[in-house]
$ cat input.txt   # compact mmCIF, C-alpha atoms
# COMPACT_ATOMS: atom_id res chain seq x y z
CA MET A 1 21.09 13.55 -0.39
CA HIS A 2 23.72 13.44 2.32
CA MET A 3 27.17 13.32 0.72
CA TYR A 4 30.67 13.10 2.15
CA ASP A 5 34.28 12.67 1.06
CA ASN A 6 36.14 9.39 1.49
CA ASP A 7 37.95 10.57 4.60
CA ALA A 8 35.52 13.24 5.77
CA SER A 9 32.25 12.92 7.65
CA PRO A 10 28.96 13.61 5.80
CA HIS A 11 27.96 17.23 5.86
CA VAL A 12 25.85 18.18 2.80
CA THR A 13 22.14 17.57 2.18
CA THR A 14 21.49 17.58 -1.56
CA THR A 15 17.91 16.27 -1.94
CA ILE A 16 14.72 16.39 0.14
CA LEU A 17 11.90 13.94 -0.68
CA GLU A 18 8.43 15.06 0.41
CA VAL A 19 5.49 12.79 -0.53
CA HIS A 20 4.47 10.85 2.59
CA SER A 21 1.60 12.34 4.60
CA ASP A 22 2.81 11.13 8.01
CA GLU A 23 5.92 10.05 9.89
CA VAL A 24 8.49 8.01 7.92
CA TRP A 25 9.87 5.18 10.04
CA ASN A 26 12.25 3.23 7.85
CA VAL A 27 14.28 3.43 4.62
CA ALA A 28 16.14 0.74 2.65
CA TRP A 29 18.24 0.94 -0.52
CA SER A 30 18.02 -1.63 -3.31
CA HIS A 31 21.22 -3.62 -3.77
CA ASP A 32 22.00 -1.85 -7.07
CA GLY A 33 21.73 1.51 -5.31
CA THR A 34 19.25 3.00 -7.78
CA ARG A 35 16.05 2.74 -5.73
CA LEU A 36 15.07 3.65 -2.20
CA ALA A 37 12.06 2.27 -0.31
CA SER A 38 10.45 4.24 2.50
CA ALA A 39 7.95 2.95 5.10
CA SER A 40 5.51 5.30 6.77
CA LYS A 41 2.88 5.70 9.43
CA ASP A 42 0.57 6.73 6.56
CA LYS A 43 0.27 2.96 5.75
CA THR A 44 2.19 3.22 2.48
CA VAL A 45 5.57 2.27 1.13
CA ILE A 46 7.07 4.41 -1.62
CA ILE A 47 9.69 3.10 -4.04
CA TRP A 48 11.81 6.00 -5.29
CA ARG A 49 14.07 5.99 -8.34
CA ILE A 50 17.25 7.80 -7.35
CA GLY A 51 19.63 8.99 -10.06
CA LEU A 52 23.30 8.33 -9.49
CA GLU A 53 24.63 11.37 -11.34
CA ALA A 54 27.78 12.73 -9.75
CA GLU A 55 26.49 16.28 -10.15
CA THR A 56 23.82 16.59 -7.47
CA SER A 57 22.00 19.46 -9.22
CA SER A 58 21.19 17.15 -12.13
CA ARG A 59 20.22 14.12 -10.05
CA ASP A 60 16.67 12.91 -10.79
CA CYS A 61 14.63 11.54 -7.86
CA THR A 62 11.12 10.33 -8.73
CA VAL A 63 8.35 8.20 -7.23
CA GLU A 64 8.28 4.88 -9.07
CA PHE A 65 5.52 3.12 -7.10
CA THR A 66 3.33 3.79 -4.07
CA LEU A 67 2.35 0.56 -2.32
CA ARG A 68 -0.98 1.20 -0.61
CA ASP A 69 -2.47 -2.14 0.48
CA HIS A 70 -1.15 -2.14 4.07
CA PRO A 71 -3.97 -2.10 6.67
CA TYR A 72 -1.66 -0.86 9.43
CA PHE A 73 1.36 1.42 9.82
CA VAL A 74 4.41 0.06 7.95
CA CYS A 75 7.58 -0.72 9.87
CA CYS A 76 9.94 -3.15 8.09
CA LEU A 77 11.46 -3.24 4.60
CA ALA A 78 13.77 -5.72 2.88
CA TRP A 79 14.85 -6.03 -0.77
CA SER A 80 15.54 -9.47 -2.25
CA LEU A 81 19.13 -10.00 -3.40
CA ASP A 82 18.19 -9.42 -7.06
CA ASP A 83 15.94 -6.46 -6.11
CA SER A 84 12.93 -8.10 -7.81
CA ILE A 85 10.89 -8.41 -4.60
CA LEU A 86 10.35 -6.00 -1.73
CA ALA A 87 9.15 -7.50 1.55
CA THR A 88 7.26 -5.17 3.90
CA SER A 89 5.46 -5.61 7.20
CA ALA A 90 2.48 -3.96 8.87
CA ASP A 91 1.73 -5.21 12.38
CA HIS A 92 1.72 -9.05 12.20
CA LEU A 93 1.33 -9.20 8.39
CA ILE A 94 4.06 -9.57 5.74
CA PHE A 95 3.65 -8.41 2.13
CA LEU A 96 5.68 -9.38 -0.94
CA TRP A 97 5.72 -6.88 -3.82
CA ASN A 98 6.90 -7.12 -7.42
CA THR A 99 9.27 -4.17 -7.70
CA LYS A 100 9.05 -4.04 -11.50
CA THR A 101 5.26 -3.59 -11.53
CA GLY A 102 4.37 -2.46 -7.99
CA VAL A 103 1.87 -5.34 -7.79
CA LEU A 104 1.26 -7.19 -4.52
CA ILE A 105 2.38 -10.81 -4.97
CA LYS A 106 1.33 -12.32 -1.66
CA THR A 107 0.25 -11.55 1.90
CA LEU A 108 1.67 -13.77 4.65
CA GLU A 109 -0.03 -14.23 8.02
CA HIS A 110 1.84 -16.46 10.43
CA HIS A 111 2.96 -14.24 13.29
CA ALA A 112 0.68 -13.45 16.23
CA GLU A 113 2.29 -10.11 17.09
CA THR A 114 4.20 -7.29 15.43
CA VAL A 115 6.87 -8.30 12.92
CA SER A 116 10.00 -6.48 14.05
CA ALA A 117 12.47 -7.40 11.27
CA LEU A 118 12.68 -8.88 7.77
CA GLU A 119 16.00 -10.25 6.43
CA TRP A 120 16.75 -11.93 3.11
CA LEU A 121 19.11 -14.90 3.43
CA PRO A 122 22.61 -14.41 1.96
CA ASP A 123 22.21 -17.42 -0.38
CA GLY A 124 19.10 -15.86 -1.96
CA SER A 125 16.92 -18.87 -1.12
CA GLY A 126 14.36 -16.88 0.82
CA PHE A 127 13.97 -14.57 3.77
CA MET A 128 13.47 -14.54 7.50
CA SER A 129 10.94 -12.75 9.71
CA VAL A 130 11.14 -12.20 13.46
CA SER A 131 8.50 -10.92 15.82
CA LEU A 132 7.51 -9.97 19.32
CA ASP A 133 5.66 -13.31 19.40
CA ARG A 134 9.04 -15.06 20.00
CA LYS A 135 9.12 -16.69 16.58
CA ILE A 136 11.85 -16.78 13.95
CA VAL A 137 10.33 -17.87 10.63
CA LEU A 138 12.10 -18.87 7.41
CA TRP A 139 10.26 -18.41 4.08
CA ASP A 140 11.20 -19.34 0.52
CA MET A 141 11.29 -16.85 -2.37
CA GLU A 142 7.59 -17.44 -3.14
CA GLY A 143 6.51 -16.82 0.45
CA LYS A 144 6.02 -20.48 1.40
CA LEU A 145 6.74 -21.37 5.02
CA ARG A 146 9.96 -23.40 5.31
CA GLU A 147 10.63 -23.45 9.03
CA SER A 148 9.38 -21.81 12.21
CA TRP A 149 11.38 -21.55 15.42
CA ASP A 150 8.71 -21.16 18.06
CA ASP A 151 8.94 -20.02 21.67
CA ILE A 152 12.48 -18.65 21.64
CA SER A 153 13.64 -16.98 24.83
CA ILE A 154 13.21 -13.31 23.81
CA ARG A 155 10.55 -11.08 22.34
CA VAL A 156 12.61 -9.99 19.34
CA THR A 157 12.84 -6.25 18.64
CA ASP A 158 15.30 -6.61 15.74
CA ALA A 159 17.59 -9.15 14.08
CA ALA A 160 20.23 -9.31 11.35
CA VAL A 161 21.96 -12.14 9.50
CA ILE A 162 25.78 -12.28 9.65
CA PRO A 163 26.82 -12.91 6.02
CA GLY A 164 29.32 -15.67 5.38
CA VAL A 165 29.10 -17.36 8.78
CA GLY A 166 25.50 -18.61 8.87
CA ARG A 167 24.51 -16.87 12.07
CA LEU A 168 21.76 -14.55 13.23
CA VAL A 169 22.07 -11.74 15.76
CA ALA A 170 18.77 -11.08 17.57
CA VAL A 171 18.04 -8.50 20.26
CA GLY A 172 15.02 -8.22 22.48
CA ILE A 173 13.36 -8.62 25.85
CA GLU A 174 13.67 -11.84 27.79
CA TYR A 175 10.41 -13.71 28.17
CA SER A 176 9.39 -15.12 31.57
CA PRO A 177 6.71 -17.84 31.34
CA PRO A 178 3.52 -16.60 33.01
CA GLN A 179 2.15 -18.46 36.00
CA ASN A 180 -1.34 -17.86 34.67
CA SER A 181 -1.43 -17.85 30.87
CA ARG A 182 -4.82 -16.11 30.87
CA SER A 183 -3.16 -12.97 32.25
CA LEU A 184 -0.78 -12.61 29.28
CA ALA A 185 -1.33 -9.27 27.55
CA ARG A 186 0.03 -7.56 24.51
CA GLY A 187 1.98 -4.59 25.74
CA LEU A 188 4.89 -3.55 23.49
CA VAL A 189 4.09 -0.44 21.51
CA ARG A 190 5.87 2.55 20.10
CA GLU A 191 5.28 5.66 22.13
CA SER A 192 4.12 7.89 19.31
CA SER A 193 3.92 11.66 19.51
CA PRO A 194 1.79 12.22 21.52
CA PRO A 195 2.32 9.07 23.64
CA LEU A 196 -0.18 6.28 23.29
CA PRO A 197 -2.75 5.80 26.09
CA PRO A 198 -2.14 3.02 28.63
CA PRO A 199 -3.04 -0.54 27.55
CA SER A 200 -6.72 -1.42 27.73
CA PRO A 201 -7.93 -3.67 30.59
CA PRO A 202 -7.72 -7.41 29.86
CA SER A 203 -11.48 -7.56 29.29
CA SER A 204 -11.27 -5.15 26.34
CA PRO A 205 -10.33 -6.28 22.80
CA PRO A 206 -6.62 -5.78 22.08
CA THR A 207 -5.62 -2.89 19.84
CA PRO A 208 -2.99 -3.50 17.14
CA PRO A 209 0.33 -2.01 18.25
CA THR A 210 1.93 0.98 16.62
CA PRO A 211 5.47 0.21 15.43
CA PRO A 212 8.21 1.33 15.60
CA PHE A 213 8.12 0.45 19.27
CA VAL A 214 10.11 0.40 22.43
CA ALA A 215 9.56 -1.81 25.41
CA SER A 216 6.75 0.09 27.10
CA TYR A 217 5.46 -2.46 29.55
CA ASP A 218 4.32 -2.98 33.09
CA SER A 219 6.74 -5.34 34.83
CA SER A 220 3.81 -6.81 36.75
CA MET A 221 2.34 -8.18 33.51
CA ALA A 222 2.84 -11.93 33.20
CA GLY A 223 5.40 -13.00 30.62
CA TYR A 224 7.36 -9.76 30.69
CA SER A 225 10.86 -9.23 32.01
CA SER A 226 13.04 -6.16 32.46
CA GLU A 227 16.06 -8.10 31.16
CA ASN A 228 17.26 -7.44 27.62
CA ARG A 229 19.49 -9.77 25.64
CA MET A 230 21.58 -10.09 22.52
CA ILE A 231 21.53 -13.68 21.25
CA ILE A 232 23.58 -15.14 18.39
CA TYR A 233 22.03 -18.22 16.77
CA ASP A 234 23.49 -20.74 14.36
CA LEU A 235 21.04 -20.72 11.44
CA GLU A 236 21.57 -24.38 10.56
CA THR A 237 21.44 -25.96 14.01
CA ARG A 238 19.39 -23.28 15.86
CA GLN A 239 22.02 -23.53 18.59
CA VAL A 240 22.64 -20.46 20.72
CA LYS A 241 26.27 -19.45 20.23
CA LEU A 242 26.16 -16.47 22.58
CA SER A 243 23.59 -14.92 24.91
CA VAL A 244 24.46 -11.65 26.64
CA HIS A 245 22.42 -9.71 29.16
CA ILE A 246 22.53 -5.98 28.40
CA GLU A 247 21.09 -3.26 30.63
CA GLY A 248 18.66 -0.97 28.81
CA GLU A 249 16.39 -1.48 25.81
CA LEU A 250 17.83 -2.74 22.52
CA THR A 251 15.94 -1.46 19.50
CA SER A 252 17.91 -2.30 16.34
CA VAL A 253 20.96 -4.16 15.02
CA LYS A 254 23.15 -3.71 11.92
CA ILE A 255 26.07 -5.91 10.75
CA SER A 256 29.28 -4.46 9.30
CA ASP A 257 30.27 -5.30 5.71
CA ASP A 258 33.09 -7.57 6.91
CA SER A 259 30.74 -9.42 9.34
CA ARG A 260 33.08 -8.51 12.21
CA PHE A 261 30.86 -6.10 14.14
CA ALA A 262 27.24 -5.66 15.21
CA LEU A 263 25.96 -2.11 15.73
CA ILE A 264 23.18 -2.11 18.33
CA ASN A 265 21.02 0.86 19.27
CA HIS A 266 20.61 1.00 23.01
CA CYS A 267 18.22 3.03 25.18
CA PRO A 268 18.99 5.37 26.73
CA ASN A 269 21.25 7.45 24.50
CA GLU A 270 23.91 4.92 23.45
CA ILE A 271 24.96 2.89 20.42
CA HIS A 272 27.03 -0.23 21.11
CA LEU A 273 29.60 -1.76 18.76
CA TRP A 274 30.02 -5.48 19.48
CA ASP A 275 33.00 -7.48 18.20
CA LEU A 276 31.46 -10.72 16.88
CA GLU A 277 34.78 -12.56 16.71
CA GLU A 278 35.92 -11.80 20.24
CA PHE A 279 32.38 -11.59 21.66
CA ARG A 280 33.01 -8.32 23.48
CA LEU A 281 31.73 -4.77 23.58
CA ALA A 282 34.29 -2.84 21.52
CA ARG A 283 32.98 0.72 21.77
CA LYS A 284 30.10 2.98 22.76
CA PHE A 285 28.86 6.04 20.87
CA THR A 286 27.02 8.81 22.72
CA GLY A 287 25.80 12.37 22.23
CA HIS A 288 22.49 11.74 20.46
CA ARG A 289 19.06 11.41 22.09
CA HIS A 290 17.36 8.00 22.19
CA SER A 291 14.88 7.16 24.92
CA HIS A 292 11.42 6.50 23.46
CA HIS A 293 11.46 5.42 19.80
CA VAL A 294 13.16 2.91 17.55
CA ILE A 295 16.26 4.50 16.02
CA ARG A 296 18.05 2.56 13.23
CA SER A 297 21.72 3.36 12.68
CA CYS A 298 24.22 2.26 10.04
CA PHE A 299 27.89 2.07 9.14
CA GLY A 300 28.96 4.86 6.78
CA GLY A 301 31.83 5.86 4.57
CA VAL A 302 33.66 3.98 1.83
CA ASP A 303 35.37 1.68 4.33
CA GLY A 304 32.66 1.73 7.00
CA ASN A 305 34.77 4.11 9.04
CA PHE A 306 31.82 6.19 10.26
CA ILE A 307 28.82 5.41 12.45
CA ILE A 308 25.67 7.31 11.42
CA SER A 309 22.48 7.56 13.47
CA GLY A 310 19.25 9.46 13.75
CA SER A 311 18.15 10.99 17.02
CA GLU A 312 15.01 12.11 18.83
CA ASP A 313 16.17 15.74 18.65
CA GLY A 314 15.72 15.78 14.85
CA LYS A 315 19.43 15.60 14.00
CA VAL A 316 21.68 13.07 12.29
CA TYR A 317 24.83 12.23 14.27
CA VAL A 318 28.13 10.99 12.84
CA TRP A 319 30.99 9.40 14.79
CA HIS A 320 34.38 8.03 13.82
CA CYS A 321 34.07 4.25 14.12
CA ASP A 322 37.60 3.57 15.39
CA THR A 323 37.81 6.34 17.97
CA GLY A 324 34.20 6.94 18.99
CA VAL A 325 34.68 10.69 18.51
CA LEU A 326 31.53 12.61 17.58
CA LEU A 327 32.24 14.39 14.28
CA GLU A 328 28.93 15.96 13.21
CA ALA A 329 25.41 16.73 14.43
CA LEU A 330 23.61 17.49 11.16
CA GLU A 331 20.50 19.62 11.29
CA GLY A 332 17.84 19.89 8.59
CA HIS A 333 14.94 17.66 9.54
CA GLY A 334 11.96 19.22 11.29
CA LEU A 335 10.32 18.38 14.61
CA GLY A 336 10.38 14.82 15.89
CA SER A 337 12.77 11.89 15.61
CA VAL A 338 15.07 11.00 12.76
CA ASN A 339 14.08 7.33 12.79
CA SER A 340 16.37 5.56 10.33
CA VAL A 341 19.48 6.07 8.25
CA ALA A 342 20.77 3.85 5.44
CA ARG A 343 23.95 3.95 3.35
CA ASN A 344 23.75 3.50 -0.42
CA PRO A 345 25.47 0.14 -1.15
CA CYS A 346 26.93 1.32 -4.49
CA ASN A 347 27.73 4.95 -3.77
CA ARG A 348 29.04 4.72 -0.24
CA ARG A 349 29.50 8.46 -0.06
CA MET A 350 25.70 8.77 0.04
CA PHE A 351 23.13 7.90 2.70
CA ALA A 352 19.43 8.53 3.34
CA SER A 353 17.60 9.56 6.49
CA CYS A 354 13.88 9.65 7.36
CA SER A 355 11.97 11.49 10.02
CA ASP A 356 8.76 12.16 11.90
CA ASP A 357 8.58 15.35 9.78
CA SER A 358 7.29 13.11 6.90
CA THR A 359 10.37 13.71 4.77
CA MET A 360 13.52 11.94 3.68
CA ARG A 361 16.88 13.53 3.06
CA VAL A 362 18.77 11.27 0.71
$ encode --input "input.txt" --output "structure tokens"
Amino acid sequence: MHMYDNDASPHVTTTILEVHSDEVWNVAWSHDGTRLASASKDKTVIIWRIGLEAETSSRDCTVEFTLRDHPYFVCCLAWSLDDSILATSADHLIFLWNTKTGVLIKTLEHHAETVSALEWLPDGSGFMSVSLDRKIVLWDMEGKLRESWDDISIRVTDAAVIPGVGRLVAVGIEYSPPQNSRSLARGLVRESSPPLPPPSPPSSPPTPPTPPFVASYDSSMAGYSSENRMIIYDLETRQVKLSVHIEGELTSVKISDDSRFALINHCPNEIHLWDLEEFRLARKFTGHRHSHHVIRSCFGGVDGNFIISGSEDGKVYVWHCDTGVLLEALEGHGLGSVNSVARNPCNRRMFASCSDDSTMRV
């Protein structure tokens, strides 16, 4: 466990979770703060029961379920608002799990390429999936297709719903229509450690990508652009409210509790804080390493007054949100990237991190 005082940055690791057999790429807390889901390159998701005892020495952390039916590496996680369903993704597939029994409810296959984000809608009516295939898809609670926005202008690398205002923030790579559609190739992959080999020639069968990913592409490939964008959509009308060109690759997005800010991880080596009311870049955070992998950051502290992020140097970095001052560079994880951090929604003095070292520090 990482713990911190109300007005102090996090500085203490209290629990290390070691069950996964390969890199852990994502973590997500249940809304009641008692369970933590972890997604791994070992093709499993683990649901952990995390005790909330104030005394860390007596806190009980146990494996509740191991979800094993994913055919590919697992990237995305999202708890339903009542925590009864966990949505996960592996490549282009989406899985819905009963979190009380660990039983697979349904497998959804609609996307043609890697699913890059899953988001439950604030009204609890269903969830949304986005993908590199330039689709935004809305599903109901049972996994029935409600609506599909096809052929949007970017290959989406992440997205997040803005609660209370009915909007979606999406980030990704602008798509340029190919002159010859037969030359379109599938070329966005995570550069794992060691890096993946170059894409196969067009005559060879495509290989499923390895998320998390960054935009590793050849600019000569049809349909690809070097331009990256943040786009804000109105969920009801599908209208684009804002579209901003941003230099560098955009790998993840997180919305603040008050819906005022979007926290966007930006390659190389920056995190951007966007003001969603004034539509401007409010602040940049630097000091960590981010050039190859997807790094997922979060707001931290009781009032969201910290920015917390993993890094490719194996550390967790903490900044003051209002000033941008780097407060901590927390060591503890082993070799490789710290890929994701997530704040507990009920005990906001606690957050979890996961790493290529196959562990989580909660």
$ atom_distance --input "input.txt" --atom1 "atom CA of A:Gly300" --atom2 "atom CA of A:Glu119"
19.9 Å
$ closest_residue --input "input.txt" --among "A:Glu236, A:Glu113, A:Asp150, A:Asp158" --to "A:Ile264" --atoms "all atoms listed in the file"
A:Asp158
$ closest_residue --input "input.txt" --among "A:Asn228, A:Ser38, A:Ser252, A:Ser125" --to "A:Tyr175" --atoms "all atoms listed in the file"
A:Asn228
$ residues_around --input "input.txt" --residues "stretch 321-338 of chain A" --least-positions-apart "5" --cutoff "10 Å" --atoms "only C-alpha atoms" --output "ChimeraX atom specification"
/A:2,8-13,16,23-26,192-193,273,282-290,292-296,299-301,304-316,353-361
$ closest_residue --input "input.txt" --among "A:Phe261, A:Phe351, A:Tyr72, A:Phe95" --to "A:Arg280" --atoms "only C-alpha atoms"
A:Phe261
$ atom_distance --input "input.txt" --atom1 "atom CA of A:Met141" --atom2 "atom CA of A:Trp79"
11.5 Å
$ atom_distance --input "input.txt" --atom1 "atom CA of A:Ile85" --atom2 "atom CA of A:Val27"
15.4 Å
$ closest_residue --input "input.txt" --among "A:Ser116, A:Thr88, A:Ser30, A:Ser243" --to "A:Glu174" --atoms "all atoms listed in the file"
A:Ser243
$ closest_residue --input "input.txt" --among "A:Ser129, A:Asn269, A:Asn344, A:Ser80" --to "A:Arg146" --atoms "only C-alpha atoms"
A:Ser129
$ closest_residue --input "input.txt" --among "A:Val156, A:Cys298, A:Ile50, A:Ala37" --to "A:Asn347" --atoms "all atoms listed in the file"
A:Ile50
$ residues_around --input "input.txt" --residues "A:Gly248" --least-positions-apart "6" --cutoff "8 Å" --atoms "only C-alpha atoms" --output "PDB file with C-alpha atoms, keeping the file's coordinate frame"
ATOM      1  CA  GLU A 227      16.060  -8.100  31.160  1.00  0.00           C
ATOM      2  CA  ASN A 228      17.260  -7.440  27.620  1.00  0.00           C
ATOM      3  CA  HIS A 266      20.610   1.000  23.010  1.00  0.00           C
ATOM      4  CA  CYS A 267      18.220   3.030  25.180  1.00  0.00           C
ATOM      5  CA  PRO A 268      18.990   5.370  26.730  1.00  0.00           C
TER       6      PRO A 268
END
$ residues_around --input "input.txt" --residues "A:His31" --least-positions-apart "4" --cutoff "8 Å" --atoms "all atoms listed in the file" --output "list in words"
Trp79, Leu81, Asp82, Asp83, Pro345 and Cys346 of chain A
$ residues_around --input "input.txt" --residues "A:Val45" --least-positions-apart "6" --cutoff "9 Å" --atoms "all atoms listed in the file" --output "list in words"
His20, Ala37, Ser38, Ala39, Phe65, Thr66, Leu67, Arg68, His70, Val74, Leu77 and Thr88 of chain A
$ residues_around --input "input.txt" --residues "A:Ala170" --least-positions-apart "4" --cutoff "9 Å" --atoms "all atoms listed in the file" --output "list in words"
Val130, Ile154, Val156, Thr157, Asp158, Ala159, Ala160, Val161, Arg229, Met230, Ile231, Ile232, Tyr233, Ser252 and Val253 of chain A
